[in-house]
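Structure first, then comments.
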Amino acid sequence: MKNLLPILTVLAAIAALWYVAVAPMNIRGALDMAERGGAEVVPAESIARFDRSVWRLMMDNPEHIAAGYALERPRLPTPGQVGAELWKTTGDMALRGRALSKRSLIYHGWITLQSTLWGFALGTVLGMAGAIAIVYSRVVDMSLMPWAIISQTIPIVALAPMIIVLSSQVGIEGRTVPKAIISAYLCYFPVLVGMVKGLRSPGAAQLDLLRTYSASGLQAFLKLRLPASMPYLFTSLKIGIAAALVGTIVGELPTGAISGLGARILIGDQFGTPLAIWAALFAAAILAGVLVTLLDVMQRVTLKRMGMQT
Amino acid sequence: MQDQTDAPVLDRSTTKPVISAKSLDLTFQTNDGPVHALSGVDLDIGKGEFVSFIGPSGCGKTTFLRCIAALEAPTGGTLTVNGMTPDEARRARAYGYVFQAAGLYPWRTIEKNIALPLEIMGYSKSEQDERIARVLDLVELSNFGKKYPWQLSGGMQQRASIARALAFDADILLMDEPFGALDEIVRDHLNEQLLDLWARTEKTIGFVTHSIPEAVYLSTKIVVMSPRPGRITDVIDSPLPKERPLDIRDTPEFLEIAHRVRDGLRAGHAYDD
Ligand SMILES: Nc1ncnc2c1ncn2[C@@H]1O[C@H](COP(=O)(O)OP(=O)(O)O)[C@@H](O)[C@H]1O
Ligand SMILES: [Mg+2]
């Protein structure tokens with residue numbers, strides 16, 4: 001665990017920066033609240049404060065800076081506030097047996113996770129199939145690859161609402177399918193690129209050796225290209241699952257979605273509850289971290305079983 | 001007409017050659033114009049011979065070996081292997097090929113690497129095991145079957161790749177600078193082992209090398225080649241006995257052949273200037 005120290009150091013630095021940033025970000029809110037509470041603030045009218053920089057406000061009202069760390073609706077919540085909100089909507093609810101209540105992030109995370117996994121599976125299958133076609137056919141290589149690249153230049157936020165509308169037009173109920181499609185759309189690309197690279201990784205001498213055995217194309221694929229591509233595959237899968245999660249969340253943003261982490265972010269925005277947004281954001285980040293770590297463990301176990309040094 | 005007798009024919013020159021090239025040409029069409037990799041190559045290799053190919057880089061040694069193995073198609077002349085076309089010979093499993101890089105699969109143990117050609121050729125599991133044990137013994141790696149390639153030294157990896165080429169009983173072993181990447185001490189040891197293996201298995205060996213002592217030490221026949229266009233400038237039949245301790249390299253006979261090889265190589269270069 002010699003990686004732990006640098007990781008913790010970076011984490012501490014981020015948290016420290018974050019805490020410092022809370023003061024300027026929340027000073028206006030803190031002053032508004034103090035004004036309403038009858039305290040003396042400089043300048044006294046909130047209109048006048050609009051024109052002042054946050055730095056100036058902090059200098060003129062040092063006694064109110066601390067209040068910015070405990071606002072109910074902060075511009076920028078403190079890490080502690082986010083942590084508390086996260087706990088309130090996950091662990092705490094689970095302890096009270098309401099893990100799957102509609103107000104719990106466990107429920108929304110589960111909705112997001114389902115679509116992510118479906119999209120990931122679909123994207124991986126498509127990516128691998130595309131890679132095999134590209135490696136084995138020059139025509140496909142020339143015709144498919146440019147489209148695959150173009151597909152990734154279209155902003156997914158523009159595409160997502162269209163996919164949702166189109167899928168409801170053809171009679172698909174609910175959001176799970178269109179969300180999975182959006183996920184797969186983002187996920188297949190890294191898998192495709194990684195697998196093309198992996199399947200092409202055996203050198204000419206390796207392929208010549210198989211030719212001297214008169215090996216068939218299928219044998220060359222199963223015995224050489226596929227195993228040789230495994231390290232590349234896992235690397236791509238880790239990128240792919242993170243992309244799939246992003247895709248699902250984007251698919252939950254267009255109006256109409258009521259469940260999923262993306263919907264929580266949107267609702268938090270509409271109702272002016274920044275803590276809910278931040279908690280949902282962190283839940284998404286934690287989910288991504290868990291998924292990528294799981295794949296990382298699978299990679300280590302698989303490659304170790306295959307006898308490869310990693 | 002020669003007198004045919006029932007007695008076994010021991011003289012190699014009268015038996016049918018295993019490999020026979022007649023005015024073989026190979027021209028690669030490249031973007032910089034044609035490259036004459038082989039030009040008018042005539043060569044017969046008899047059964048059980050150990051033939052070395054020596055010459056400067058780019059003289060077509062690899063290309064000639066690849067033609068024999070049907071990895072490259074000649075653009076002129078004829079080439080037969082066991083009386084067949086190289087393609088047919090390959091399908092008849094006439095040869096095993098050893099590349100400069102051992103090219104073992106990192107995800108397979110040494111045993112499993114040797115099993116690779118056997119799996120592809122459809123040998124039964126029990127026959128695979130029996131053959132693996134036999135060739136591992138032949139290259140003195142019996143205790144390393146369960147190891148992965150990265151756990152072996154470079155010399156051991158190359159021995160494993162030789163074992164892999166021997167596993168399916170090909171009569172011909174084609175080796176393209178198999179020890180080129182190894183240091184001299186390891187190389188000496190492998191040369192001794194290879195001679196021993198050759199004596200025990202009676203294979204026909206085609207061996208590409210850059211090293212004059214290696215070529216002279218190993219071969220019954222040394223083929224000296226020169227580049228642009230790649231061609232044979234000298235073929236030397238070695239008078240050295242089959243039994244060759246390492247110190248044979250200090251004998252006058254040995255040095256004399258080495259000298260002739262060096263002259264051949266130099267002549268090839270002079271032609272070039
Ligand atoms: N696939 C190829 N395409 C074009 N030129 C080639 C190819 N293979 C070999 N050559 C050329 O043919 C010549 C002989 O190469 P090679 O047989 O590898 O020489 P050697 O093994 O003696 O060093 C060289 O000039 C090389 O550049
Ligand atoms: Mg070569």
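For the structure tokens, the naming scheme is as follows: chains receive sequential letters (A, B, ...) according to their order of presentation, residues are indexed from 1 within each chain, and ligands are indexed from 1 in presentation order.
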Which residues of chain A sit at most 6 Å from chain B, using only C-alpha atoms? Give each one's shortest atom pair and distance in Å (one decimal place), in chain and ascending residue order, as a Markdown table.
```
| residue | atom | partner | partner_atom | distance |
| --- | --- | --- | --- | --- |
| A:Met306 | CA | B:Trp107 | CA | 4.9 |
| A:Gly307 | CA | B:Trp107 | CA | 5.2 |
| A:Met308 | CA | B:Trp107 | CA | 5.5 |
```
Could those selected residues go to a file with N, CA and C atoms, as a compact mmCIF listing (two decimals), in the first residue's frame?
```txt
# COMPACT_ATOMS: atom_id res chain seq x y z
N MET A 306 -3.44 -15.84 -16.20
CA MET A 306 -2.85 -16.11 -17.51
C MET A 306 -1.33 -16.15 -17.42
N GLY A 307 -0.79 -15.88 -16.23
CA GLY A 307 0.65 -15.98 -16.05
C GLY A 307 1.40 -14.76 -16.50
N MET A 308 0.65 -13.68 -16.84
CA MET A 308 1.34 -12.50 -17.34
C MET A 308 1.72 -11.60 -16.19
```
Residues near range 125-136 of chain A, cut-off 12 Å, only C-alpha atoms, skip fewer than 3 positions along chain, as a PyMOL selection string: chain A and resi 118-122+139-148+181+184-202+217-218+220-222+225-226+229-230+232-234+236-237+240
Export of prior selection with C-alpha atoms as a short mmCIF file (atom, residue, chain, number, x, y, z; two decimals), in the first residue's frame:
```cif
data_model
loop_
_atom_site.label_atom_id
_atom_site.label_comp_id
_atom_site.auth_asym_id
_atom_site.auth_seq_id
_atom_site.Cartn_x
_atom_site.Cartn_y
_atom_site.Cartn_z
CA TRP A 118 -26.75 -2.57 -19.64
CA GLY A 119 -25.06 0.16 -21.66
CA PHE A 120 -21.65 -1.19 -20.70
CA ALA A 121 -22.56 -4.71 -21.82
CA LEU A 122 -24.04 -3.45 -25.08
CA VAL A 139 -12.84 -2.64 -46.17
CA VAL A 140 -14.46 -2.39 -42.75
CA ASP A 141 -11.33 -0.72 -41.41
CA MET A 142 -11.56 1.96 -44.09
CA SER A 143 -15.32 2.43 -43.83
CA LEU A 144 -16.15 1.92 -40.15
CA MET A 145 -13.28 3.62 -38.36
CA PRO A 146 -13.97 7.17 -39.64
CA TRP A 147 -17.62 6.87 -38.59
CA ALA A 148 -16.64 5.60 -35.19
CA ILE A 181 -28.29 3.16 -25.59
CA ALA A 184 -23.39 2.21 -25.00
CA TYR A 185 -22.83 5.04 -27.45
CA LEU A 186 -20.13 6.49 -25.21
CA CYS A 187 -18.79 3.15 -24.03
CA TYR A 188 -18.25 1.26 -27.27
CA PHE A 189 -15.60 3.64 -28.58
CA PRO A 190 -12.79 3.07 -26.06
CA VAL A 191 -13.48 -0.66 -26.24
CA LEU A 192 -13.30 -0.57 -30.04
CA VAL A 193 -10.07 1.40 -30.14
CA GLY A 194 -8.43 -0.65 -27.39
CA MET A 195 -9.44 -3.97 -28.92
CA VAL A 196 -8.26 -2.97 -32.39
CA LYS A 197 -4.91 -2.15 -30.87
CA GLY A 198 -4.87 -5.34 -28.80
CA LEU A 199 -5.90 -7.66 -31.62
CA ARG A 200 -3.22 -6.10 -33.79
CA SER A 201 -0.55 -6.32 -31.10
CA PRO A 202 0.96 -9.68 -32.20
CA GLY A 217 -7.80 -17.84 -39.14
CA LEU A 218 -10.02 -18.92 -36.27
CA ALA A 220 -4.95 -17.57 -34.97
CA PHE A 221 -7.73 -15.51 -33.42
CA LEU A 222 -8.42 -17.79 -30.47
CA ARG A 225 -4.91 -12.42 -31.12
CA LEU A 226 -7.54 -12.76 -28.41
CA SER A 229 -5.47 -8.39 -26.55
CA MET A 230 -6.46 -9.06 -22.92
CA TYR A 232 -5.68 -3.84 -23.80
CA LEU A 233 -9.24 -5.04 -23.28
CA PHE A 234 -9.20 -4.45 -19.55
CA SER A 236 -10.45 -0.14 -22.37
CA LEU A 237 -13.15 -1.63 -20.17
CA GLY A 240 -15.58 2.26 -21.04
#
```
Counting only C-alpha atoms, the residue of B:Arg164, B:Lys125, B:Lys112, B:Lys61 that sits nearest Ile232 in chain B: B:Lys61
Please report, as a Markdown table, each residue of chain B lying at most 10 Å from ligand 2, together with the nearest pair of atoms and the separation in Å rounded to one decimal; use only C-alpha atoms and all ligand atoms, and order rows by chain and ascending residue number.
```
| residue | atom | partner | partner_atom_place_in_ligand_line | distance |
| --- | --- | --- | --- | --- |
| B:Ile54 | CA | ligand 2 | 1 (Mg) | 10.0 |
| B:Gly55 | CA | ligand 2 | 1 (Mg) | 9.6 |
| B:Pro56 | CA | ligand 2 | 1 (Mg) | 9.2 |
| B:Ser57 | CA | ligand 2 | 1 (Mg) | 6.6 |
| B:Gly58 | CA | ligand 2 | 1 (Mg) | 6.9 |
| B:Cys59 | CA | ligand 2 | 1 (Mg) | 8.3 |
| B:Gly60 | CA | ligand 2 | 1 (Mg) | 7.1 |
| B:Lys61 | CA | ligand 2 | 1 (Mg) | 5.8 |
| B:Thr62 | CA | ligand 2 | 1 (Mg) | 4.2 |
| B:Thr63 | CA | ligand 2 | 1 (Mg) | 7.3 |
| B:Phe64 | CA | ligand 2 | 1 (Mg) | 9.5 |
| B:Leu65 | CA | ligand 2 | 1 (Mg) | 9.1 |
| B:Arg66 | CA | ligand 2 | 1 (Mg) | 9.9 |
| B:Phe99 | CA | ligand 2 | 1 (Mg) | 9.6 |
| B:Gln100 | CA | ligand 2 | 1 (Mg) | 8.6 |
| B:Asp176 | CA | ligand 2 | 1 (Mg) | 6.7 |
| B:Glu177 | CA | ligand 2 | 1 (Mg) | 7.2 |
| B:Val208 | CA | ligand 2 | 1 (Mg) | 7.6 |
| B:Thr209 | CA | ligand 2 | 1 (Mg) | 8.5 |
| B:His210 | CA | ligand 2 | 1 (Mg) | 9.1 |
```
Residue contacts of Gln193 in chain B (12 Å, only C-alpha atoms) excluding same-chain residues fewer than 3 positions away, as a list in words: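 Answer for this query is Asp137, Leu138, Val139, Glu140, Leu141, Gly155, Met156, Arg159, Ile162, Val186, Arg187, Asp188, His189, Leu190, Asp196, Leu197, Trp198, Ala199, Arg200, Leu218, Arg244, Pro245 and Leu246 of chain B.
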With N, CA, C and O atoms retained, export the selected residues as a PDB file, in the first residue's frame.
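So the final result, stored in selection_6.pdb, reads:
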```pdb
ATOM      1  N   ASP B 137      13.007 -32.843 -22.822  1.00  0.00           N
ATOM      2  CA  ASP B 137      14.192 -33.595 -22.457  1.00  0.00           C
ATOM      3  C   ASP B 137      15.313 -33.327 -23.466  1.00  0.00           C
ATOM      4  O   ASP B 137      16.464 -33.118 -23.108  1.00  0.00           O
ATOM      5  N   LEU B 138      14.927 -33.264 -24.732  1.00  0.00           N
ATOM      6  CA  LEU B 138      15.891 -33.057 -25.811  1.00  0.00           C
ATOM      7  C   LEU B 138      16.637 -31.728 -25.663  1.00  0.00           C
ATOM      8  O   LEU B 138      17.815 -31.626 -25.964  1.00  0.00           O
ATOM      9  N   VAL B 139      15.935 -30.698 -25.205  1.00  0.00           N
ATOM     10  CA  VAL B 139      16.589 -29.394 -25.049  1.00  0.00           C
ATOM     11  C   VAL B 139      16.958 -29.129 -23.589  1.00  0.00           C
ATOM     12  O   VAL B 139      17.281 -28.008 -23.218  1.00  0.00           O
ATOM     13  N   GLU B 140      16.912 -30.188 -22.774  1.00  0.00           N
ATOM     14  CA  GLU B 140      17.320 -30.118 -21.370  1.00  0.00           C
ATOM     15  C   GLU B 140      16.547 -29.067 -20.577  1.00  0.00           C
ATOM     16  O   GLU B 140      17.116 -28.247 -19.865  1.00  0.00           O
ATOM     17  N   LEU B 141      15.225 -29.080 -20.765  1.00  0.00           N
ATOM     18  CA  LEU B 141      14.393 -28.150 -20.010  1.00  0.00           C
ATOM     19  C   LEU B 141      13.306 -28.891 -19.218  1.00  0.00           C
ATOM     20  O   LEU B 141      12.297 -28.311 -18.850  1.00  0.00           O
ATOM     21  N   GLY B 155      18.553 -17.634 -23.233  1.00  0.00           N
ATOM     22  CA  GLY B 155      19.015 -18.878 -23.846  1.00  0.00           C
ATOM     23  C   GLY B 155      18.011 -20.005 -23.644  1.00  0.00           C
ATOM     24  O   GLY B 155      17.753 -20.795 -24.561  1.00  0.00           O
ATOM     25  N   MET B 156      17.443 -20.079 -22.444  1.00  0.00           N
ATOM     26  CA  MET B 156      16.450 -21.123 -22.171  1.00  0.00           C
ATOM     27  C   MET B 156      15.190 -20.900 -23.000  1.00  0.00           C
ATOM     28  O   MET B 156      14.587 -21.853 -23.501  1.00  0.00           O
ATOM     29  N   ARG B 159      15.846 -22.188 -26.359  1.00  0.00           N
ATOM     30  CA  ARG B 159      15.788 -23.665 -26.366  1.00  0.00           C
ATOM     31  C   ARG B 159      14.340 -24.134 -26.377  1.00  0.00           C
ATOM     32  O   ARG B 159      13.988 -25.097 -27.049  1.00  0.00           O
ATOM     33  N   ILE B 162      13.032 -23.920 -29.759  1.00  0.00           N
ATOM     34  CA  ILE B 162      13.518 -25.032 -30.587  1.00  0.00           C
ATOM     35  C   ILE B 162      12.696 -26.293 -30.287  1.00  0.00           C
ATOM     36  O   ILE B 162      12.274 -27.008 -31.193  1.00  0.00           O
ATOM     37  N   VAL B 186      26.766 -18.203 -23.699  1.00  0.00           N
ATOM     38  CA  VAL B 186      25.509 -18.936 -23.836  1.00  0.00           C
ATOM     39  C   VAL B 186      25.444 -19.552 -25.226  1.00  0.00           C
ATOM     40  O   VAL B 186      25.042 -20.702 -25.412  1.00  0.00           O
ATOM     41  N   ARG B 187      25.874 -18.778 -26.195  1.00  0.00           N
ATOM     42  CA  ARG B 187      25.825 -19.207 -27.581  1.00  0.00           C
ATOM     43  C   ARG B 187      26.692 -20.456 -27.803  1.00  0.00           C
ATOM     44  O   ARG B 187      26.265 -21.413 -28.448  1.00  0.00           O
ATOM     45  N   ASP B 188      27.892 -20.466 -27.242  1.00  0.00           N
ATOM     46  CA  ASP B 188      28.771 -21.638 -27.344  1.00  0.00           C
ATOM     47  C   ASP B 188      28.074 -22.877 -26.813  1.00  0.00           C
ATOM     48  O   ASP B 188      28.082 -23.937 -27.436  1.00  0.00           O
ATOM     49  N   HIS B 189      27.463 -22.699 -25.658  1.00  0.00           N
ATOM     50  CA  HIS B 189      26.804 -23.823 -25.015  1.00  0.00           C
ATOM     51  C   HIS B 189      25.636 -24.322 -25.879  1.00  0.00           C
ATOM     52  O   HIS B 189      25.478 -25.530 -26.089  1.00  0.00           O
ATOM     53  N   LEU B 190      24.871 -23.388 -26.411  1.00  0.00           N
ATOM     54  CA  LEU B 190      23.726 -23.780 -27.232  1.00  0.00           C
ATOM     55  C   LEU B 190      24.187 -24.440 -28.524  1.00  0.00           C
ATOM     56  O   LEU B 190      23.543 -25.365 -29.023  1.00  0.00           O
ATOM     57  N   ASP B 196      24.533 -31.769 -30.716  1.00  0.00           N
ATOM     58  CA  ASP B 196      24.160 -33.003 -30.053  1.00  0.00           C
ATOM     59  C   ASP B 196      22.740 -33.418 -30.466  1.00  0.00           C
ATOM     60  O   ASP B 196      22.475 -34.572 -30.819  1.00  0.00           O
ATOM     61  N   LEU B 197      21.866 -32.415 -30.454  1.00  0.00           N
ATOM     62  CA  LEU B 197      20.468 -32.652 -30.825  1.00  0.00           C
ATOM     63  C   LEU B 197      20.366 -33.106 -32.279  1.00  0.00           C
ATOM     64  O   LEU B 197      19.616 -34.017 -32.629  1.00  0.00           O
ATOM     65  N   TRP B 198      21.155 -32.467 -33.122  1.00  0.00           N
ATOM     66  CA  TRP B 198      21.158 -32.803 -34.554  1.00  0.00           C
ATOM     67  C   TRP B 198      21.615 -34.246 -34.759  1.00  0.00           C
ATOM     68  O   TRP B 198      21.039 -35.012 -35.529  1.00  0.00           O
ATOM     69  N   ALA B 199      22.663 -34.635 -33.998  1.00  0.00           N
ATOM     70  CA  ALA B 199      23.194 -35.986 -34.128  1.00  0.00           C
ATOM     71  C   ALA B 199      22.150 -37.006 -33.669  1.00  0.00           C
ATOM     72  O   ALA B 199      21.989 -38.064 -34.271  1.00  0.00           O
ATOM     73  N   ARG B 200      21.421 -36.659 -32.620  1.00  0.00           N
ATOM     74  CA  ARG B 200      20.451 -37.616 -32.075  1.00  0.00           C
ATOM     75  C   ARG B 200      19.190 -37.718 -32.919  1.00  0.00           C
ATOM     76  O   ARG B 200      18.568 -38.766 -32.990  1.00  0.00           O
ATOM     77  N   LEU B 218      29.272 -25.531 -36.704  1.00  0.00           N
ATOM     78  CA  LEU B 218      28.038 -26.313 -36.757  1.00  0.00           C
ATOM     79  C   LEU B 218      27.875 -27.124 -38.039  1.00  0.00           C
ATOM     80  O   LEU B 218      27.314 -28.215 -38.021  1.00  0.00           O
ATOM     81  N   ARG B 244      32.249 -33.093 -32.798  1.00  0.00           N
ATOM     82  CA  ARG B 244      32.997 -31.832 -32.743  1.00  0.00           C
ATOM     83  C   ARG B 244      33.015 -31.234 -31.343  1.00  0.00           C
ATOM     84  O   ARG B 244      32.087 -30.553 -30.931  1.00  0.00           O
ATOM     85  N   PRO B 245      34.087 -31.474 -30.598  1.00  0.00           N
ATOM     86  CA  PRO B 245      34.213 -30.757 -29.324  1.00  0.00           C
ATOM     87  C   PRO B 245      34.468 -29.270 -29.601  1.00  0.00           C
ATOM     88  O   PRO B 245      34.911 -28.913 -30.690  1.00  0.00           O
ATOM     89  N   LEU B 246      34.188 -28.454 -28.591  1.00  0.00           N
ATOM     90  CA  LEU B 246      34.314 -27.006 -28.799  1.00  0.00           C
ATOM     91  C   LEU B 246      35.723 -26.595 -29.225  1.00  0.00           C
ATOM     92  O   LEU B 246      35.897 -25.652 -30.004  1.00  0.00           O
TER      93      LEU B 246
END
```
Point-to-point distance from CA of Ala30 in chain A to CA of Thr90 in chain A, Å rounded to tenths: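 Pair CA of Ala30 in chain A / CA of Thr90 in chain A returns 28.4 Å.
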Backbone DSSP call of helix (DSSP H, G or I) for range 5-101 of chain A, listed as number ranges by chain: A: 5-36, 46-50, 54-60, 62-70, 79-89, 91-95
Atom pair CA of Ala23 in chain A / CA of Ala67 in chain A: separation (Å): 8.9 Å
Polymer residues at most 8 Å from Phe207 in chain B, only C-alpha atoms, same-chain spacing of 2 or more positions, as a PyMOL selection string: chain B and resi 50-53+174-177+205+209
Sel. of strand (DSSP E) residues, range 47-153 of chain B, as a list in words: Phe50, Val51, Ser52, Phe53, Ile54, Gly76, Gly77, Thr78, Leu79, Thr80, Val81, Tyr95, Gly96, Tyr97 and Val98 of chain B
Mind dumping the selected residues with all heavy atoms as a compact mmCIF listing (two decimals), in the first residue's frame?
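Once written, result_11.txt looks like this:
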```txt
# COMPACT_ATOMS: atom_id res chain seq x y z
N PHE B 50 23.61 -30.30 -42.19
CA PHE B 50 23.49 -29.09 -41.38
C PHE B 50 24.07 -27.96 -42.22
O PHE B 50 25.28 -27.88 -42.41
CB PHE B 50 24.26 -29.25 -40.07
CG PHE B 50 23.90 -28.21 -39.03
CD1 PHE B 50 23.54 -28.60 -37.74
CD2 PHE B 50 23.90 -26.87 -39.34
CE1 PHE B 50 23.19 -27.66 -36.79
CE2 PHE B 50 23.56 -25.92 -38.39
CZ PHE B 50 23.20 -26.31 -37.12
N VAL B 51 23.18 -27.13 -42.78
CA VAL B 51 23.61 -26.11 -43.72
C VAL B 51 23.51 -24.73 -43.09
O VAL B 51 22.44 -24.35 -42.61
CB VAL B 51 22.75 -26.15 -45.00
CG1 VAL B 51 23.25 -25.11 -46.01
CG2 VAL B 51 22.79 -27.54 -45.61
N SER B 52 24.62 -24.00 -43.09
CA SER B 52 24.59 -22.63 -42.58
C SER B 52 24.57 -21.65 -43.73
O SER B 52 25.21 -21.88 -44.75
CB SER B 52 25.81 -22.35 -41.72
OG SER B 52 25.67 -22.97 -40.48
N PHE B 53 23.83 -20.58 -43.54
CA PHE B 53 23.82 -19.49 -44.51
C PHE B 53 24.48 -18.30 -43.84
O PHE B 53 24.07 -17.87 -42.78
CB PHE B 53 22.39 -19.13 -44.90
CG PHE B 53 21.67 -20.27 -45.57
CD1 PHE B 53 20.98 -21.21 -44.81
CD2 PHE B 53 21.70 -20.42 -46.95
CE1 PHE B 53 20.33 -22.27 -45.41
CE2 PHE B 53 21.05 -21.48 -47.56
CZ PHE B 53 20.36 -22.41 -46.79
N ILE B 54 25.53 -17.79 -44.49
CA ILE B 54 26.24 -16.67 -43.88
C ILE B 54 26.44 -15.59 -44.93
O ILE B 54 26.58 -15.88 -46.13
CB ILE B 54 27.58 -17.13 -43.27
CG1 ILE B 54 28.20 -16.02 -42.43
CG2 ILE B 54 28.54 -17.64 -44.33
CD1 ILE B 54 29.30 -16.50 -41.49
N GLY B 76 10.73 -16.39 -59.47
CA GLY B 76 11.28 -17.14 -60.59
C GLY B 76 12.03 -18.36 -60.10
O GLY B 76 12.41 -18.44 -58.94
N GLY B 77 12.24 -19.33 -61.00
CA GLY B 77 12.96 -20.54 -60.65
C GLY B 77 12.07 -21.55 -59.96
O GLY B 77 10.86 -21.34 -59.83
N THR B 78 12.67 -22.65 -59.53
CA THR B 78 11.87 -23.68 -58.84
C THR B 78 12.49 -23.98 -57.49
O THR B 78 13.69 -23.84 -57.29
CB THR B 78 11.82 -24.99 -59.66
OG1 THR B 78 13.16 -25.44 -59.86
CG2 THR B 78 11.12 -24.80 -60.98
N LEU B 79 11.63 -24.41 -56.60
CA LEU B 79 12.06 -24.76 -55.24
C LEU B 79 11.21 -25.93 -54.80
O LEU B 79 9.98 -25.86 -54.81
CB LEU B 79 11.85 -23.57 -54.31
CG LEU B 79 12.21 -23.77 -52.84
CD1 LEU B 79 13.69 -24.07 -52.66
CD2 LEU B 79 11.83 -22.53 -52.02
N THR B 80 11.87 -27.02 -54.43
CA THR B 80 11.10 -28.16 -53.91
C THR B 80 11.62 -28.53 -52.53
O THR B 80 12.80 -28.38 -52.23
CB THR B 80 11.20 -29.40 -54.82
OG1 THR B 80 12.58 -29.77 -54.94
CG2 THR B 80 10.62 -29.13 -56.19
N VAL B 81 10.70 -29.01 -51.72
CA VAL B 81 11.01 -29.47 -50.37
C VAL B 81 10.44 -30.89 -50.26
O VAL B 81 9.24 -31.07 -50.45
CB VAL B 81 10.39 -28.55 -49.30
CG1 VAL B 81 10.71 -29.07 -47.91
CG2 VAL B 81 10.87 -27.12 -49.47
N TYR B 95 8.58 -29.08 -41.94
CA TYR B 95 9.61 -28.32 -41.25
C TYR B 95 9.08 -27.58 -40.02
O TYR B 95 7.91 -27.26 -39.91
CB TYR B 95 10.23 -27.29 -42.21
CG TYR B 95 9.20 -26.38 -42.81
CD1 TYR B 95 8.72 -25.30 -42.09
CD2 TYR B 95 8.68 -26.65 -44.07
CE1 TYR B 95 7.75 -24.49 -42.61
CE2 TYR B 95 7.70 -25.85 -44.60
CZ TYR B 95 7.23 -24.78 -43.87
OH TYR B 95 6.25 -24.00 -44.38
N GLY B 96 10.02 -27.34 -39.12
CA GLY B 96 9.76 -26.46 -37.99
C GLY B 96 10.62 -25.22 -38.18
O GLY B 96 11.73 -25.31 -38.70
N TYR B 97 10.11 -24.07 -37.77
CA TYR B 97 10.81 -22.81 -38.00
C TYR B 97 11.13 -22.17 -36.66
O TYR B 97 10.29 -22.07 -35.78
CB TYR B 97 9.91 -21.88 -38.82
CG TYR B 97 10.62 -20.81 -39.62
CD1 TYR B 97 10.70 -20.88 -41.01
CD2 TYR B 97 11.19 -19.71 -38.99
CE1 TYR B 97 11.33 -19.90 -41.75
CE2 TYR B 97 11.84 -18.73 -39.73
CZ TYR B 97 11.90 -18.83 -41.10
OH TYR B 97 12.54 -17.86 -41.84
N VAL B 98 12.38 -21.74 -36.52
CA VAL B 98 12.78 -21.05 -35.29
C VAL B 98 13.22 -19.64 -35.66
O VAL B 98 14.12 -19.45 -36.46
CB VAL B 98 13.94 -21.79 -34.58
CG1 VAL B 98 14.36 -21.04 -33.33
CG2 VAL B 98 13.53 -23.21 -34.24
```
Residue among A:Val292, A:Ile239, A:Ile258, A:Val301 lying closest to Lys102 in chain A, counting only C-alpha atoms: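 The answer is A:Ile258, which sits nearest to Lys102 in chain A.
Computed from the coordinates, the CA of Glu202 in chain B to CA of Asp42 in chain B distance equals 23.9 Å.
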Non-local contacts of Asp92 in chain A (12 Å; only C-alpha atoms; under 6 positions in same chain excluded) as a PyMOL selection string: chain A and resi 83-86+98-101+103-106
Please write the residues from the selection above to a file, keeping C-alpha atoms, as a short mmCIF file (atom, residue, chain, number, x, y, z; two decimals), in the first residue's frame.
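Contents of again-v3.cif, freshly written:
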```cif
data_model
loop_
_atom_site.label_atom_id
_atom_site.label_comp_id
_atom_site.auth_asym_id
_atom_site.auth_seq_id
_atom_site.Cartn_x
_atom_site.Cartn_y
_atom_site.Cartn_z
CA GLY A 83 -20.45 14.24 3.52
CA ALA A 84 -23.29 14.77 5.97
CA GLU A 85 -25.84 15.06 3.18
CA LEU A 86 -24.45 11.96 1.52
CA ARG A 98 -35.47 2.88 3.94
CA ALA A 99 -32.58 2.21 1.59
CA LEU A 100 -34.88 1.92 -1.40
CA SER A 101 -37.07 4.90 -0.62
CA ARG A 103 -35.47 9.93 -1.37
CA SER A 104 -32.46 7.72 -0.91
CA LEU A 105 -29.42 7.99 -3.15
CA ILE A 106 -29.01 4.23 -2.89
#
```
